[in-house]
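Novice: Take a look at the following structure, please.
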Amino acid sequence: MKLSEFAKRRCQLMRMMGRDAIAILPAAPVRKRNADTEYPYRQDSDFHFLTGFPEPEAVAVLLPGRAEGEVILFVRDRDPTREMWDGLRAGPEGAVERYGADDAFPIADIDDILPGLLESRSRVYYTMGLHPEFDQRVIGWVNGLRAQAKQGMHTPQEFVALDHLLHDMRLYKSREEIAAMRQAAAVSVTAHERAMRLAAPGVTEYQLAAEIVHEFHRNRGVSAYEPIVGGGANACILHYRENAQPLRDGDLVLIDAGCELDYYASDITRTFPVNGRFTSAQRALYDVVLEAQLAAIEQCRQGNHWNDPHDAAVRVITQGLVSLGFLSGKVSKLIKEGAYREWFMHRTGHWLGLDVHDVGDYKVGDAWRVLEPGMVLTVEPGLYVKPGCRRAPKEFRGIGIRIEDDVAVTRSSPEVLTGALVKSADDIERFMAARS
């Protein structure tokens with residue numbers, strides 16, 4: 001992402017804040033995995049969105065209208081000894097030269113400098129509760145100023161939730177962000193294809209997961225979330241984690257996996273036959289889910305509201321459940337009663353961006369949010385028939401199916417970012433047959 005993209009975002013945020021405000025954003029802390037081993041560092045999404053700065057122990061400060069510079073970064077100082085162990089640091093000079101800060105200081109000096117920056121501002125934009133230890137420092141700086149109010153010290157009078165403004169900004173993706181998400185989607189498509197080529201009776205779920213993660217890393221990406229690989233009845237567990245069982249001949253396997261590339265996530269689910277051929281029952285259920293997904297994608301248009309894709313999927317799935325003998329009665333009445341929820345118990349999608357379940361309100365007041373160009377969402381209906389489900393016809397028991405794509409709302413037709421991955425039952429069978 002170009003520096004100009006981050007600068008544009010900061011300018012937009014500062015215009016909304018006003019000239020008598022200050023925004024304070026801490027970087028994500030380093031998190032310990034166990035003993036002296038740390039998890040791979042991943043920057044806080046809000047901090048990255050505004051700065052692109054990738055290091056921990058940093059704080060960004062925005063000061064609209066400040067003559068000496070509106071963007072200040074507090075960062076780790078250069079330290080040859082620590083850099084030999086942990087990697088190079090940008091330091092204050094690098095924060096200015098490489099990341100576009102107007103000014104930068106060592107993080108060790110923040111207690112001496114930041115109270116003076118707060119003094120001239122009336123409103124503090126800050127997200128409370130995300131980093132509790134840093135919350136106490138911010139409160140301490142403000143209270144320290146208030147203690148000097150009798151000596152004429154100006155103090156901020158108001159705390160404002162920064163995430164209210166920032167998360168609404170993040171909901172609308174720029175052309176550059178959509179391009180980044182297309183790249184992440186392309187890597188994910190290739191990863192899913194690798195797994196489909198390897199799938200066969202006796203291959204384990206974790207072997208398919210390994211193929212996927214290998215492709216992510218081969219393209220300098222990481223998993224946007226832990227891959228789900230569920231063979232047979234394991235596909236009926238929505239957040240299946242074990243990925244440990246061998247695949248069986250005659251079963252389906254559900255793979256839910258997405259690449260994060262340059263901080264932007266993708267999110268794909270495909271369900272396909274282990275041996276390359278759907279049974280008649282599997283195909284009948286699969287075609288209902290696919291029809292529901294296509295109907296939902298069609299509703300991802302500007303001017304529709306957030307719930308329209310879900311409503312479309314529910315109508316198709318309920319009708320399908322009636323046709324296949326799961327339910328009986330009038331479709332509209334069954335929908336009103338929520339009769340479909342035994343087999344389709346989740347929503348049809350979520351926002352997608354820097355986070356897999358990205359920020360942004362789904363409702364404005366009491367009304368569902370209207371879809372607008374630049375919004376990106378997943379569309380992922382499913383049907384999950386547990387092995388012991390007596391209300392389902394016997395031939396469908398133990399089958400779990402989900403189909404998921406990433407969809408960008410545009411000024412015209414929805415853009416399916418992940419559309420290059422085979423999806424119809426016929427195309428899947430052709431793809432599987434061509435492996436050899």
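Chains: A, B, ... in order of the structure tokens. Residues: from 1 per chain. Ligands: from 1, in order shown.
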I'd like the neighbourhood of Ala67 in chain A as an MDAnalysis selection string, where a residue qualifies if any of its atoms comes within 12 Å (using only C-alpha atoms), though same-chain residues fewer than 5 positions away should be ignored.

Specialist: chainID A and resid 19 102:103

Novice: Now that the selection is made, can you save its residues with N, CA and C atoms as a short mmCIF file (atom, residue, chain, number, x, y, z; two decimals), in the first residue's frame?

Specialist:
data_model
loop_
_atom_site.label_atom_id
_atom_site.label_comp_id
_atom_site.auth_asym_id
_atom_site.auth_seq_id
_atom_site.Cartn_x
_atom_site.Cartn_y
_atom_site.Cartn_z
N ARG A 19 -10.29 20.69 14.69
CA ARG A 19 -8.96 21.21 15.00
C ARG A 19 -8.63 21.25 16.48
N ASP A 102 5.09 13.23 10.44
CA ASP A 102 5.65 14.58 10.41
C ASP A 102 6.77 14.73 11.43
N ASP A 103 6.65 13.99 12.52
CA ASP A 103 7.66 14.02 13.56
C ASP A 103 7.62 12.68 14.28
#

Novice: Please provide the set of residues having any atom within 6 Å of range 374-377 of chain A, restricted to only C-alpha atoms, with same-chain residues fewer than 5 positions apart removed, written as a PyMOL selection string.

Specialist: chain A and resi 171-173+350-352+406-409

Novice: Find the residues around Lys386 in chain A up to 9 Å (only C-alpha atoms counted), leave out those fewer than 5 positions away in its own chain, and share them as a list in words.

Specialist: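 After dropping sequence-adjacent residues, the list is Ala233, Cys236, Ile237, Trp343, Ala392, Phe396, Arg397, Gly398, Ile399 and Gly400 of chain A.
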
Novice: When you count only C-alpha atoms, which of these residues is closest to Ala281 in chain A: A:Val316, A:Ala90, A:Ala191, A:Ile401?

Specialist: A:Ile401

Novice: Just checking: using only C-alpha atoms, which residue out of A:Gly230, A:Gly382, A:Leu114, A:Phe134 ends up closest to Ala244 in chain A?

Specialist: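 That would be A:Gly230, the residue with the smallest distance to Ala244 in chain A.
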
Novice: List every residue of range 60-306 of chain A that DSSP, applied to the backbone, labels as helix (DSSP H, G or I), and write the result as a ChimeraX atom specification.

Specialist: /A:80-86,91-97,107-119,132-146,149-151,162-171,175-198,205-218,232-236,280-298

Novice: Give me, as a tab-separated table, the closest atom pair and its distance (Å, one decimal) for every residue of range 206-310 of chain A within a cut-off of 9 Å of range 417-433 of chain A, counting only C-alpha atoms, rows sorted by chain and rising number.

Specialist:
residue	atom	partner	partner_atom	distance
A:Ser266	CA	A:Thr418	CA	8.2
A:Asp267	CA	A:Thr418	CA	8.5
A:Ile268	CA	A:Thr418	CA	7.3
A:Arg270	CA	A:Lys423	CA	7.3
A:Thr271	CA	A:Lys423	CA	8.7
A:Phe272	CA	A:Ile428	CA	7.0
A:Pro273	CA	A:Glu429	CA	8.2
A:Asn275	CA	A:Met432	CA	8.1
A:Gly276	CA	A:Met432	CA	5.2
A:Arg277	CA	A:Glu429	CA	5.9
A:Phe278	CA	A:Ala425	CA	7.6
A:Arg283	CA	A:Ala425	CA	7.0
A:Tyr286	CA	A:Ala425	CA	7.5
A:Asp287	CA	A:Ala425	CA	7.4
A:Leu290	CA	A:Ser424	CA	7.3

Novice: What does the distance from CA of Arg76 in chain A to CA of Gly129 in chain A come to in Å, to one decimal?

Specialist: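 About the pair CA of Arg76 in chain A and CA of Gly129 in chain A: they are 23.6 Å apart.
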
Novice: So, with only C-alpha atoms as the atoms that count, which of A:Arg82, A:Arg341, A:Arg301, A:His217 lies closest to Val370 in chain A?

Specialist: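 Under the stated criterion, the closest residue is A:Arg301.
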
Novice: Given the choices A:Gly94, A:Pro387, A:Pro56, A:Gly231, which gets closest to Leu208 in chain A if the distance is worked out from only C-alpha atoms?

Specialist: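 Among A:Gly94, A:Pro387, A:Pro56, A:Gly231, it is A:Gly231 that comes nearest to Leu208 in chain A.
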
Novice: Name all residues at most 8 Å from Asp249 in chain A (count only C-alpha atoms; drop same-chain ones fewer than 4 positions away) and give them as a list of chain:residue names.

Specialist: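 Near neighbours after the sequence-gap exclusion: A:Ala200, A:Pro201, A:Gly202, A:Val274, A:Asn275.
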